[in-house]
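Asks: Coordinates in run.pdb, PDB, C-alpha atoms, are listed below.
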ATOM      1  CA  ARG T1034      -5.854  -7.285 -14.644
ATOM      2  CA  VAL T1035      -9.089  -5.714 -13.512
ATOM      3  CA  GLU T1036     -10.459  -2.431 -14.861
ATOM      4  CA  ASN T1037     -13.105  -0.731 -12.759
ATOM      5  CA  SER T1038     -14.466   1.991 -15.037
ATOM      6  CA  LEU T1039     -17.405   2.928 -17.217
ATOM      7  CA  ASP T1040     -17.340   3.672 -20.940
ATOM      8  CA  MET T1041     -15.762   7.111 -21.301
ATOM      9  CA  PRO T1042     -12.798   8.531 -23.247
ATOM     10  CA  ASP T1043      -9.461   7.551 -21.695
ATOM     11  CA  GLN T1044      -8.327  11.192 -21.613
ATOM     12  CA  LEU T1045     -11.037  11.903 -19.035
ATOM     13  CA  LYS T1046      -9.898   9.118 -16.757
ATOM     14  CA  ARG T1047      -7.354   9.198 -13.982
ATOM     15  CA  LYS T1048      -5.459   5.944 -13.850
ATOM     16  CA  VAL T1049      -4.219   4.039 -10.814
ATOM     17  CA  GLU T1050      -2.069   0.975 -11.463
ATOM     18  CA  VAL T1051      -1.809  -1.663  -8.748
ATOM     19  CA  ASP T1052       0.668  -4.539  -8.534
ATOM     20  CA  LEU T1053      -0.278  -7.261  -6.064
ATOM     21  CA  ILE T1054       1.747 -10.277  -4.920
ATOM     22  CA  ASP T1055       0.556 -13.229  -2.845
ATOM     23  CA  ILE T1056       3.513 -14.934  -1.103
ATOM     24  CA  THR T1057       1.600 -17.893   0.349
ATOM     25  CA  ASN T1058       3.417 -20.447  -1.809
ATOM     26  CA  LEU T1059       6.831 -18.933  -1.016
ATOM     27  CA  ILE T1060       6.252 -19.308   2.709
ATOM     28  CA  ASP T1061       4.989 -22.869   2.242
ATOM     29  CA  GLU T1062       8.255 -23.701   0.460
ATOM     30  CA  ASP T1063      10.579 -21.738   2.773
ATOM     31  CA  GLU T1064       9.018 -21.734   6.247
ATOM     32  CA  SER T1065      12.311 -20.896   7.965
ATOM     33  CA  ALA T1066      13.375 -18.282   5.342
ATOM     34  CA  ASP T1067      16.652 -20.164   4.795
ATOM     35  CA  LYS T1068      16.368 -19.803   1.023
ATOM     36  CA  LEU T1069      15.813 -16.071   1.406
ATOM     37  CA  LYS T1070      18.788 -15.674   3.733
ATOM     38  CA  ASN T1071      21.258 -17.928   1.898
ATOM     39  CA  SER T1072      20.306 -17.422  -1.744
ATOM     40  CA  LEU T1073      17.756 -14.761  -2.644
ATOM     41  CA  LEU T1074      19.150 -11.943  -0.496
ATOM     42  CA  PRO T1075      22.854 -12.387  -1.369
ATOM     43  CA  ASP T1076      22.028 -12.685  -5.075
ATOM     44  CA  THR T1077      19.571  -9.777  -5.183
ATOM     45  CA  LEU T1078      21.676  -7.418  -3.078
ATOM     46  CA  ARG T1079      24.854  -7.822  -5.093
ATOM     47  CA  PHE T1080      24.363  -4.283  -6.339
ATOM     48  CA  CYS T1081      22.774  -1.701  -4.007
ATOM     49  CA  MET T1082      22.784   2.030  -4.496
ATOM     50  CA  ASN T1083      21.115   5.166  -3.200
ATOM     51  CA  SER T1084      18.912   6.844  -5.804
ATOM     52  CA  ASP T1085      20.808  10.152  -5.609
ATOM     53  CA  LYS T1086      24.075   8.464  -6.593
ATOM     54  CA  ILE T1087      22.530   6.839  -9.652
ATOM     55  CA  LEU T1088      20.850  10.070 -10.749
ATOM     56  CA  GLN T1089      24.083  12.010 -10.300
ATOM     57  CA  ASN T1090      25.927   9.383 -12.332
ATOM     58  CA  ARG T1091      23.197   9.610 -15.011
ATOM     59  CA  GLN T1092      23.589  13.373 -15.318
ATOM     60  CA  GLU T1093      27.382  13.308 -15.421
ATOM     61  CA  ARG T1094      27.453  10.285 -17.777
ATOM     62  CA  LYS T1095      30.110   8.573 -15.739
ATOM     63  CA  SER T1096      31.097   4.941 -15.959
ATOM     64  CA  LYS T1097      29.296   2.202 -14.060
ATOM     65  CA  LEU T1098      28.916   2.730 -10.322
ATOM     66  CA  LYS T1099      30.122   0.361  -7.654
ATOM     67  CA  SER T1100      27.757  -1.227  -5.190
ATOM     68  CA  ASP T1101      27.361   0.480  -1.821
ATOM     69  CA  LYS T1102      28.531  -2.225   0.580
ATOM     70  CA  GLU T1103      27.388  -0.407   3.719
ATOM     71  CA  LEU T1104      23.930   0.098   2.248
ATOM     72  CA  ARG T1105      23.796  -3.587   1.386
ATOM     73  CA  LYS T1106      24.592  -4.533   4.993
ATOM     74  CA  ARG T1107      21.914  -2.197   6.351
ATOM     75  CA  ILE T1108      19.253  -3.520   3.989
ATOM     76  CA  GLN T1109      20.088  -7.149   4.696
ATOM     77  CA  SER T1110      20.128  -6.550   8.459
ATOM     78  CA  LYS T1111      16.789  -4.732   8.316
ATOM     79  CA  ILE T1112      15.119  -7.647   6.512
ATOM     80  CA  LEU T1113      16.654 -10.427   8.593
ATOM     81  CA  ARG T1114      15.875  -8.796  11.948
ATOM     82  CA  PHE T1115      12.277 -10.001  11.639
ATOM     83  CA  VAL T1116      11.547 -13.243  13.453
ATOM     84  CA  LYS T1117       8.810 -14.626  11.194
ATOM     85  CA  ALA T1118       9.636 -15.809   7.678
ATOM     86  CA  GLN T1119       6.516 -14.111   6.325
ATOM     87  CA  ASP T1120       7.649 -10.708   7.645
ATOM     88  CA  LYS T1121      11.089 -11.144   6.090
ATOM     89  CA  TYR T1122       9.561 -11.946   2.705
ATOM     90  CA  LEU T1123       7.039  -9.099   2.921
ATOM     91  CA  HIS T1124       9.786  -6.527   3.493
ATOM     92  CA  PHE T1125      12.009  -8.136   0.850
ATOM     93  CA  PHE T1126       9.333  -7.798  -1.836
ATOM     94  CA  SER T1127       8.404  -4.332  -0.621
ATOM     95  CA  LEU T1128      12.020  -3.311  -1.249
ATOM     96  CA  LEU T1129      11.959  -4.801  -4.749
ATOM     97  CA  MET T1130       8.661  -3.107  -5.598
ATOM     98  CA  LYS T1131       9.979   0.305  -4.565
ATOM     99  CA  SER T1132      13.155  -0.262  -6.588
ATOM    100  CA  ARG T1133      11.019  -1.120  -9.604
ATOM    101  CA  GLU T1134       9.111   2.170  -9.224
ATOM    102  CA  PHE T1135      12.393   4.029  -9.592
ATOM    103  CA  TYR T1136      13.118   2.289 -12.879
ATOM    104  CA  LEU T1137       9.602   2.875 -14.161
ATOM    105  CA  ALA T1138      10.170   6.581 -13.590
ATOM    106  CA  TYR T1139      13.666   6.545 -15.152
ATOM    107  CA  GLN T1140      13.305   4.152 -18.061
ATOM    108  CA  ASP T1141      16.316   5.625 -19.880
ATOM    109  CA  LEU T1142      18.717   4.073 -17.384
ATOM    110  CA  SER T1143      20.812   1.372 -18.987
ATOM    111  CA  PRO T1144      19.520  -2.210 -18.590
ATOM    112  CA  GLN T1145      23.125  -3.090 -17.853
ATOM    113  CA  GLY T1146      24.623  -2.402 -14.464
ATOM    114  CA  ASN T1147      22.518   0.294 -12.822
ATOM    115  CA  ARG T1148      19.194  -1.209 -13.813
ATOM    116  CA  LYS T1149      20.024  -4.313 -11.788
ATOM    117  CA  ALA T1150      20.639  -2.321  -8.626
ATOM    118  CA  VAL T1151      18.406  -2.455  -5.603
ATOM    119  CA  ILE T1152      17.534   1.180  -4.994
ATOM    120  CA  ALA T1153      17.277   2.922  -1.629
ATOM    121  CA  LEU T1154      14.802   5.769  -2.042
ATOM    122  CA  PRO T1155      14.766   8.989  -0.001
ATOM    123  CA  ARG T1156      11.997   9.626   2.511
ATOM    124  CA  THR T1157      10.106  12.671   3.675
ATOM    125  CA  SER T1158      10.434  13.943   7.239
ATOM    126  CA  LYS T1159       7.422  11.741   8.101
ATOM    127  CA  GLY T1160       9.022   8.644   6.579
ATOM    128  CA  LYS T1161       7.166   8.399   3.252
ATOM    129  CA  PRO T1162       9.425   7.110   0.416
ATOM    130  CA  PHE T1163       9.341   9.005  -2.871
ATOM    131  CA  ILE T1164      10.839   9.050  -6.372
ATOM    132  CA  PRO T1165      13.258  12.007  -6.474
ATOM    133  CA  LEU T1166      14.130  14.379  -9.265
ATOM    134  CA  PRO T1167      17.825  14.956  -9.959
ATOM    135  CA  GLY T1168      18.748  17.220  -7.072
ATOM    136  CA  GLY T1169      16.507  15.471  -4.567
ATOM    137  CA  ALA T1170      13.083  17.133  -4.825
ATOM    138  CA  PRO T1171      10.022  14.825  -5.092
ATOM    139  CA  SER T1172       8.894  14.033  -8.637
ATOM    140  CA  ASP T1173       5.335  13.703  -9.978
ATOM    141  CA  PHE T1174       5.591   9.909  -9.871
ATOM    142  CA  GLU T1175       3.468   8.970  -6.862
ATOM    143  CA  PHE T1176       3.261   5.539  -5.266
ATOM    144  CA  SER T1177       2.055   3.904  -2.076
ATOM    145  CA  VAL T1178       2.986   0.520  -0.613
ATOM    146  CA  SER T1179       1.117  -1.776   1.766
ATOM    147  CA  HIS T1180       1.631  -5.298   3.009
ATOM    148  CA  GLN T1181      -0.400  -7.626   5.166
ATOM    149  CA  TYR T1182       0.405 -11.311   4.976
ATOM    150  CA  PRO T1183       0.085 -12.921   2.495
ATOM    151  CA  TYR T1184      -0.200  -9.820   0.286
ATOM    152  CA  ILE T1185       2.136  -7.041  -0.787
ATOM    153  CA  CYS T1186       0.870  -4.339  -3.115
ATOM    154  CA  ILE T1187       1.995  -1.076  -4.634
ATOM    155  CA  ALA T1188      -0.189   1.564  -6.289
ATOM    156  CA  ARG T1189       1.205   4.152  -8.702
ATOM    157  CA  THR T1190      -0.117   7.332 -10.286
ATOM    158  CA  CYS T1191       1.382  10.331 -12.025
ATOM    159  CA  GLY T1192       0.571  13.884 -11.012
ATOM    160  CA  TYR T1193      -1.691  13.257  -8.036
ATOM    161  CA  GLU T1194      -1.293  11.627  -4.647
ATOM    162  CA  ILE T1195      -2.351   8.090  -3.781
ATOM    163  CA  GLY T1196      -2.628   6.095  -0.579
ATOM    164  CA  ILE T1197      -3.246   2.361  -0.343
ATOM    165  CA  ASP T1198      -3.797  -0.196   2.378
ATOM    166  CA  ILE T1199      -4.449  -3.922   2.604
ATOM    167  CA  VAL T1200      -6.386  -5.598   5.392
ATOM    168  CA  THR T1201      -7.045  -9.297   5.869
ATOM    169  CA  PHE T1202     -10.278 -10.473   7.425
ATOM    170  CA  ASP T1203      -8.650 -12.392  10.266
ATOM    171  CA  GLU T1204     -10.612 -14.034  13.032
ATOM    172  CA  ILE T1205      -9.923 -12.731  16.530
ATOM    173  CA  ASN T1206      -7.286 -14.445  18.627
ATOM    174  CA  LYS T1207      -9.346 -16.261  21.234
ATOM    175  CA  ASN T1208      -6.282 -16.670  23.430
ATOM    176  CA  LEU T1209      -6.205 -12.899  23.844
ATOM    177  CA  TYR T1210      -9.860 -11.875  23.569
ATOM    178  CA  SER T1211     -12.912 -13.554  25.000
ATOM    179  CA  SER T1212     -15.251 -12.115  22.383
ATOM    180  CA  GLU T1213     -15.452 -10.065  19.207
ATOM    181  CA  SER T1214     -16.802  -7.129  21.229
ATOM    182  CA  GLU T1215     -13.794  -7.176  23.547
ATOM    183  CA  PHE T1216     -11.439  -7.097  20.548
ATOM    184  CA  LEU T1217     -13.285  -4.265  18.822
ATOM    185  CA  HIS T1218     -13.450  -2.058  21.897
ATOM    186  CA  VAL T1219      -9.663  -2.082  22.153
ATOM    187  CA  PHE T1220      -9.734   0.175  19.074
ATOM    188  CA  ARG T1221     -12.732   2.304  20.041
ATOM    189  CA  SER T1222     -10.613   5.424  20.677
ATOM    190  CA  SER T1223      -9.283   5.361  17.092
ATOM    191  CA  PHE T1224     -12.717   6.037  15.580
ATOM    192  CA  ALA T1225     -15.118   8.967  15.544
ATOM    193  CA  ASP T1226     -18.708   8.302  16.612
ATOM    194  CA  CYS T1227     -19.967   8.156  13.008
ATOM    195  CA  GLU T1228     -17.322   5.573  12.066
ATOM    196  CA  TRP T1229     -17.898   3.528  15.208
ATOM    197  CA  ASN T1230     -21.653   3.496  14.624
ATOM    198  CA  SER T1231     -21.071   2.021  11.163
ATOM    199  CA  ILE T1232     -19.054  -0.767  12.755
ATOM    200  CA  MET T1233     -21.580  -1.493  15.493
ATOM    201  CA  LYS T1234     -24.577  -1.495  13.110
ATOM    202  CA  SER T1235     -22.981  -3.736  10.483
ATOM    203  CA  THR T1236     -24.167  -7.272   9.792
ATOM    204  CA  ASN T1237     -20.479  -8.209   9.929
ATOM    205  CA  ARG T1238     -18.883  -5.956  12.531
ATOM    206  CA  LEU T1239     -15.405  -7.461  12.212
ATOM    207  CA  ASN T1240     -15.193  -6.959   8.443
ATOM    208  CA  GLU T1241     -16.649  -3.439   8.755
ATOM    209  CA  PHE T1242     -13.952  -2.674  11.333
ATOM    210  CA  TYR T1243     -11.217  -3.852   8.963
ATOM    211  CA  LEU T1244     -12.621  -1.737   6.106
ATOM    212  CA  GLN T1245     -12.920   1.373   8.278
ATOM    213  CA  TRP T1246      -9.342   0.798   9.456
ATOM    214  CA  ALA T1247      -8.141   0.492   5.832
ATOM    215  CA  VAL T1248      -9.765   3.855   5.060
ATOM    216  CA  LYS T1249      -7.750   5.507   7.832
ATOM    217  CA  GLU T1250      -4.498   3.848   6.765
ATOM    218  CA  ALA T1251      -4.969   4.744   3.078
ATOM    219  CA  TYR T1252      -5.776   8.367   3.891
ATOM    220  CA  THR T1253      -2.816   8.873   6.230
ATOM    221  CA  LYS T1254      -0.491   7.340   3.623
ATOM    222  CA  LEU T1255      -1.875   9.662   0.949
ATOM    223  CA  ILE T1256      -1.067  12.762   3.008
ATOM    224  CA  GLY T1257       2.343  11.339   3.914
ATOM    225  CA  MET T1258       1.725  11.050   7.654
ATOM    226  CA  GLY T1259       1.172   7.327   8.139
ATOM    227  CA  LEU T1260       0.820   6.205  11.747
ATOM    228  CA  SER T1261       2.295   9.483  12.984
ATOM    229  CA  LEU T1262      -1.214  10.969  12.649
ATOM    230  CA  ASP T1263      -3.639   9.973  15.394
ATOM    231  CA  PHE T1264      -6.546   8.088  13.854
ATOM    232  CA  ASN T1265      -8.980   9.803  16.211
ATOM    233  CA  SER T1266      -7.965  13.236  14.881
ATOM    234  CA  PHE T1267     -10.079  12.853  11.736
ATOM    235  CA  ALA T1268     -13.224  11.101  10.536
ATOM    236  CA  THR T1269     -14.475   9.956   7.135
ATOM    237  CA  THR T1270     -18.139  10.043   6.197
ATOM    238  CA  PHE T1271     -19.365   8.411   3.000
ATOM    239  CA  GLU T1272     -22.095   9.408   0.567
ATOM    240  CA  SER T1273     -23.716   6.007   1.073
ATOM    241  CA  MET T1274     -25.845   5.694   4.204
ATOM    242  CA  HIS T1275     -24.993   1.996   4.362
ATOM    243  CA  GLY T1276     -21.828   0.606   5.912
ATOM    244  CA  LEU T1277     -18.800  -0.216   3.763
ATOM    245  CA  TRP T1278     -19.272  -3.959   4.155
ATOM    246  CA  GLU T1279     -22.922  -3.697   3.088
ATOM    247  CA  CYS T1280     -21.834  -1.765  -0.014
ATOM    248  CA  MET T1281     -19.216  -4.390  -0.827
ATOM    249  CA  LYS T1282     -21.754  -7.203  -0.508
ATOM    250  CA  THR T1283     -24.245  -5.365  -2.697
ATOM    251  CA  LYS T1284     -22.025  -3.911  -5.423
ATOM    252  CA  GLY T1285     -18.408  -4.878  -5.075
ATOM    253  CA  LEU T1286     -17.963  -8.629  -4.746
ATOM    254  CA  GLU T1287     -16.750  -9.047  -8.340
ATOM    255  CA  HIS T1288     -15.072  -5.842  -9.478
ATOM    256  CA  GLY T1289     -14.882  -3.657  -6.379
ATOM    257  CA  ILE T1290     -16.484  -0.287  -5.770
ATOM    258  CA  HIS T1291     -15.724   3.431  -5.876
ATOM    259  CA  ILE T1292     -17.248   5.519  -3.136
ATOM    260  CA  LYS T1293     -16.768   9.198  -2.287
ATOM    261  CA  GLY T1294     -16.035  10.229   1.272
ATOM    262  CA  ILE T1295     -15.416  13.517   3.078
ATOM    263  CA  VAL T1296     -12.566  13.658   5.580
ATOM    264  CA  ARG T1297     -12.991  16.101   8.440
ATOM    265  CA  GLY T1298     -10.582  16.684  11.288
ATOM    266  CA  LYS T1299      -9.082  19.008  13.820
ATOM    267  CA  ASP T1300      -7.567  22.051  12.094
ATOM    268  CA  ARG T1301      -8.357  20.498   8.705
ATOM    269  CA  ILE T1302     -10.530  21.860   5.919
ATOM    270  CA  PRO T1303     -13.070  19.175   4.918
ATOM    271  CA  GLN T1304     -11.971  17.508   1.689
ATOM    272  CA  GLN T1305     -13.614  14.971  -0.575
ATOM    273  CA  PHE T1306     -11.742  11.827  -1.553
ATOM    274  CA  VAL T1307     -12.492   8.837  -3.741
ATOM    275  CA  PHE T1308     -11.979   5.446  -2.111
ATOM    276  CA  PHE T1309     -11.710   2.269  -4.148
ATOM    277  CA  PHE T1310     -12.261  -1.121  -2.505
ATOM    278  CA  HIS T1311     -11.376  -4.463  -4.065
ATOM    279  CA  LEU T1312     -11.853  -7.776  -2.271
ATOM    280  CA  LEU T1313      -8.966 -10.229  -2.235
ATOM    281  CA  GLY T1314      -9.255 -13.989  -2.164
ATOM    282  CA  PHE T1315      -8.877 -17.275  -3.971
ATOM    283  CA  ASN T1316     -11.348 -19.862  -5.251
ATOM    284  CA  GLY T1317     -14.318 -17.799  -4.172
ATOM    285  CA  LYS T1318     -13.102 -17.348  -0.585
ATOM    286  CA  VAL T1319     -12.720 -13.725   0.533
ATOM    287  CA  LYS T1320      -9.501 -13.221   2.514
ATOM    288  CA  GLY T1321      -9.202  -9.459   2.712
ATOM    289  CA  CYS T1322      -9.579  -6.141   0.938
ATOM    290  CA  LEU T1323      -7.483  -3.517  -0.768
ATOM    291  CA  CYS T1324      -8.375   0.150  -0.247
ATOM    292  CA  ALA T1325      -6.969   2.927  -2.453
ATOM    293  CA  CYS T1326      -7.556   6.616  -1.755
ATOM    294  CA  THR T1327      -7.081   9.691  -3.944
ATOM    295  CA  LEU T1328      -8.280  13.286  -3.751
ATOM    296  CA  ALA T1329     -11.537  13.834  -5.644
ATOM    297  CA  GLN T1330     -11.461  16.290  -8.529
ATOM    298  CA  PRO T1331     -14.310  18.569  -9.745
ATOM    299  CA  THR T1332     -14.243  16.785 -13.102
ATOM    300  CA  ASP T1333     -14.641  13.318 -11.565
ATOM    301  CA  VAL T1334     -17.792  11.428 -12.497
ATOM    302  CA  ASP T1335     -18.624   7.761 -11.999
ATOM    303  CA  GLY T1336     -15.906   5.717 -13.675
ATOM    304  CA  ALA T1337     -13.449   8.628 -13.904
ATOM    305  CA  ILE T1338     -10.804   6.689 -11.965
ATOM    306  CA  MET T1339      -9.532   3.575 -13.657
ATOM    307  CA  ILE T1340      -7.915   0.940 -11.420
ATOM    308  CA  ASP T1341      -5.666  -1.558 -13.197
ATOM    309  CA  PHE T1342      -4.453  -4.676 -11.405
TER     310      PHE T1342
END
Would you give me this structure, written as C-alpha cells?

Replies:
Amino acid sequence: RVENSLDMPDQLKRKVEVDLIDITNLIDEDESADKLKNSLLPDTLRFCMNSDKILQNRQERKSKLKSDKELRKRIQSKILRFVKAQDKYLHFFSLLMKSREFYLAYQDLSPQGNRKAVIALPRTSKGKPFIPLPGGAPSDFEFSVSHQYPYICIARTCGYEIGIDIVTFDEINKNLYSSESEFLHVFRSSFADCEWNSIMKSTNRLNEFYLQWAVKEAYTKLIGMGLSLDFNSFATTFESMHGLWECMKTKGLEHGIHIKGIVRGKDRIPQQFVFFFHLLGFNGKVKGCLCACTLAQPTDVDGAIMIDF
C-alpha cells in the first residue's frame, strides 16, 4: 500500500484506490495456459450471471438464482480465443476484478450463492463497463481497468470519474524497426506538436513516449471513449515545463507524482485534470508506469488526491 498525499484532514482528500496484480509467476508456471483452461476457468465460471438479474433478484428477495449457461460459454470462449497464455490470464483477471467491483458496491448481497458469481457488467454505448443501479442506470461507483503484461490494475473512486492506464517500458522490436526513431515516427500522427516536442527533447525519448501515450489512454478512459476517440483530436499540456520522464526522475521514483494538465481539443472546452504517475518494477528495476487521471476540482491543493495501492 502506497499513500501519495500530504498532511491534511482526510475529509478534504479525494481518494483513489488501486489494485494491481503481477502475473509473471503464473505465466512461468502455466506457459501453455492448460491450468487456466482445464481447472481455473471451469471452477471459477461455475456460476455466471448478468448484474441486472442479480439486482432484480435482490429487490424481489427471490430464492437463489441459477447460473447463466450461455453467458458462461461466451465468457469462456472470449478468454480462450487469445493465442498467448499471458493474454488469456490478463483477460481472466480483468473479469474477476470487475466482478469484485460489483460486490464492493453491493456489499449486502449474501456471501452464499450470488456472491460467488462471476458478474457480467453492462457497458455504455462506447463500451465502457459500469456498476449499475437497480433499473440499469450508472451508479456513483466509478472504476477503470487497464492491463499490459505482466500487470493488471483497477482503480476505483466514488462520485467522480477516473481513468487509468498501464504502460511497460519495452525495448523496440529490432526485427520490425531499424531504430528508435523509426518506431517513434510510426505514432507521430497521434500526438500534437507540444506533446511530440516533449518526446523528442527528452533524455529518454522511448520512456517519454510511453508516458505521453498513457496520458492519452487514461484520459479517453475517463471520458468513456477509449480508443474510439482519435488521439490526435486533443492535446495535454502540463504545468511543468519539463517532460514527464524528467519529472519522474526528479520527484517520482519512490512514491510517484501528481501533476496538473490541461486537455484541449477540437470542439472541447479546455479542462484541467490531475494525473498521477507511479513507476512499476521489482528489485529496483523499473518495468513500466501506471497513470491515473481525474478531473481537477477548485478545492484541490497539493496532496488533495490520495492514491492507495

Asks: I'd like to see the residues matched by the PyMOL selection byres ((chain T and resi 1163) around 10) on this file, and ideally I'd get them as a count of residues only.

Replies: 22

Asks: With all atoms listed in the file as the counted atoms, please give the residues lying no more than 7 Å from region 1217-1231 of chain T, apart from itself and same-chain residues fewer than 4 positions off, as number ranges by chain.

Replies: T: 1213, 1235, 1264-1265, 1268, 1276

Asks: Show which residues sit within 9 Å of Phe1126 (chain T), as an NGL selection string. Count all atoms listed in the file, and ignore same-chain residues fewer than 5 positions away.

Replies: :T and (1054 or 1121 or 1131 or 1185)

Asks: I would like the residues chosen by the PyMOL selection byres ((chain T and resi 1259) around 12) on the shown file; could you give them as a tab-separated table (two decimals) with C-alpha atoms, keeping the file's coordinate frame?

Replies:
chain	number	residue	atom	x	y	z
T	1157	THR	CA	10.11	12.67	3.68
T	1158	SER	CA	10.43	13.94	7.24
T	1159	LYS	CA	7.42	11.74	8.10
T	1160	GLY	CA	9.02	8.64	6.58
T	1161	LYS	CA	7.17	8.40	3.25
T	1162	PRO	CA	9.43	7.11	0.42
T	1177	SER	CA	2.06	3.90	-2.08
T	1178	VAL	CA	2.99	0.52	-0.61
T	1179	SER	CA	1.12	-1.78	1.77
T	1196	GLY	CA	-2.63	6.10	-0.58
T	1197	ILE	CA	-3.25	2.36	-0.34
T	1198	ASP	CA	-3.80	-0.20	2.38
T	1247	ALA	CA	-8.14	0.49	5.83
T	1248	VAL	CA	-9.76	3.86	5.06
T	1249	LYS	CA	-7.75	5.51	7.83
T	1250	GLU	CA	-4.50	3.85	6.76
T	1251	ALA	CA	-4.97	4.74	3.08
T	1252	TYR	CA	-5.78	8.37	3.89
T	1253	THR	CA	-2.82	8.87	6.23
T	1254	LYS	CA	-0.49	7.34	3.62
T	1255	LEU	CA	-1.88	9.66	0.95
T	1256	ILE	CA	-1.07	12.76	3.01
T	1257	GLY	CA	2.34	11.34	3.91
T	1258	MET	CA	1.72	11.05	7.65
T	1260	LEU	CA	0.82	6.20	11.75
T	1261	SER	CA	2.30	9.48	12.98
T	1262	LEU	CA	-1.21	10.97	12.65
T	1263	ASP	CA	-3.64	9.97	15.39
T	1264	PHE	CA	-6.55	8.09	13.85

Asks: Just checking: using only C-alpha atoms, which residue out of T:Phe1242, T:Tyr1122, T:Phe1306, T:Trp1278 ends up closest to Phe1216 (chain T)?

Replies: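 Under the stated criterion, the closest residue is T:Phe1242.
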
Asks: What separation in Å, quoted to one decimal, exists between CA of Gln1181 (chain T) and CA of Val1200 (chain T)?

Replies: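 Between CA of Gln1181 (chain T) and CA of Val1200 (chain T) the gap is 6.3 Å.
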
Asks: Between CA of Ile1112 (chain T) and CA of Asn1083 (chain T), what is the spacing in Å?

Replies: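 For CA of Asn1083 (chain T) relative to CA of Ile1112 (chain T), the distance reads 17.2 Å.
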
Asks: By how many Å are CA of Ala1066 (chain T) and CA of Asp1120 (chain T) apart?

Replies: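 Interatomic distance here is 9.8 Å.
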
Asks: Using the chain letters and residue numbers of this document, give as a list in words the residues selected by the PyMOL selection byres ((chain T and resi 1081) around 10).

Replies: Thr1077, Leu1078, Arg1079, Phe1080, Met1082, Asn1083, Ser1084, Leu1098, Lys1099, Ser1100, Asp1101, Lys1102, Glu1103, Leu1104, Arg1105, Lys1106, Ile1108, Asn1147, Lys1149, Ala1150, Val1151, Ile1152 and Ala1153 of chain T

Asks: Which residue gives the smallest distance to Ile1056 (chain T) among T:Ser1127, T:Asn1208, T:Ser1072, T:Asn1090, with only C-alpha atoms counted?

Replies: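 Of the candidates, the smallest distance to Ile1056 (chain T) is held by T:Ser1127.
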
Asks: Between T:Ala1188, T:Leu1244, T:Val1049, T:Val1307, which is the closest to Phe1202 (chain T) once you count all atoms listed in the file?

Replies: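 Result for the nearest residue to Phe1202 (chain T): T:Leu1244.
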
Asks: Is there a way to complete region 1150-1154 of chain T with all heavy atoms and then write that out as an mmCIF file, keeping the file's coordinate frame?

Replies:
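Final output, saved to part-v2.cif:
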data_model
loop_
_atom_site.group_PDB
_atom_site.id
_atom_site.type_symbol
_atom_site.label_atom_id
_atom_site.label_comp_id
_atom_site.auth_asym_id
_atom_site.auth_seq_id
_atom_site.Cartn_x
_atom_site.Cartn_y
_atom_site.Cartn_z
ATOM 1 N N ALA T 1150 20.403 -2.709 -10.016
ATOM 2 C CA ALA T 1150 20.639 -2.321 -8.626
ATOM 3 C C ALA T 1150 19.350 -2.326 -7.820
ATOM 4 O O ALA T 1150 18.281 -2.014 -8.331
ATOM 5 C CB ALA T 1150 21.267 -0.937 -8.565
ATOM 6 N N VAL T 1151 19.479 -2.682 -6.565
ATOM 7 C CA VAL T 1151 18.406 -2.455 -5.603
ATOM 8 C C VAL T 1151 18.555 -1.012 -5.129
ATOM 9 O O VAL T 1151 19.632 -0.601 -4.693
ATOM 10 C CB VAL T 1151 18.513 -3.426 -4.417
ATOM 11 C CG1 VAL T 1151 17.534 -3.037 -3.316
ATOM 12 C CG2 VAL T 1151 18.240 -4.853 -4.890
ATOM 13 N N ILE T 1152 17.465 -0.254 -5.230
ATOM 14 C CA ILE T 1152 17.534 1.180 -4.994
ATOM 15 C C ILE T 1152 17.003 1.530 -3.604
ATOM 16 O O ILE T 1152 15.929 1.077 -3.216
ATOM 17 C CB ILE T 1152 16.719 1.957 -6.048
ATOM 18 C CG1 ILE T 1152 17.166 1.559 -7.460
ATOM 19 C CG2 ILE T 1152 16.853 3.455 -5.837
ATOM 20 C CD1 ILE T 1152 18.606 1.886 -7.766
ATOM 21 N N ALA T 1153 17.749 2.349 -2.886
ATOM 22 C CA ALA T 1153 17.277 2.922 -1.629
ATOM 23 C C ALA T 1153 16.744 4.316 -1.933
ATOM 24 O O ALA T 1153 17.486 5.191 -2.379
ATOM 25 C CB ALA T 1153 18.410 2.987 -0.612
ATOM 26 N N LEU T 1154 15.445 4.501 -1.729
ATOM 27 C CA LEU T 1154 14.802 5.769 -2.042
ATOM 28 C C LEU T 1154 14.855 6.722 -0.850
ATOM 29 O O LEU T 1154 14.871 6.280 0.298
ATOM 30 C CB LEU T 1154 13.345 5.542 -2.437
ATOM 31 C CG LEU T 1154 13.100 4.748 -3.721
ATOM 32 C CD1 LEU T 1154 11.605 4.477 -3.884
ATOM 33 C CD2 LEU T 1154 13.645 5.492 -4.933
#
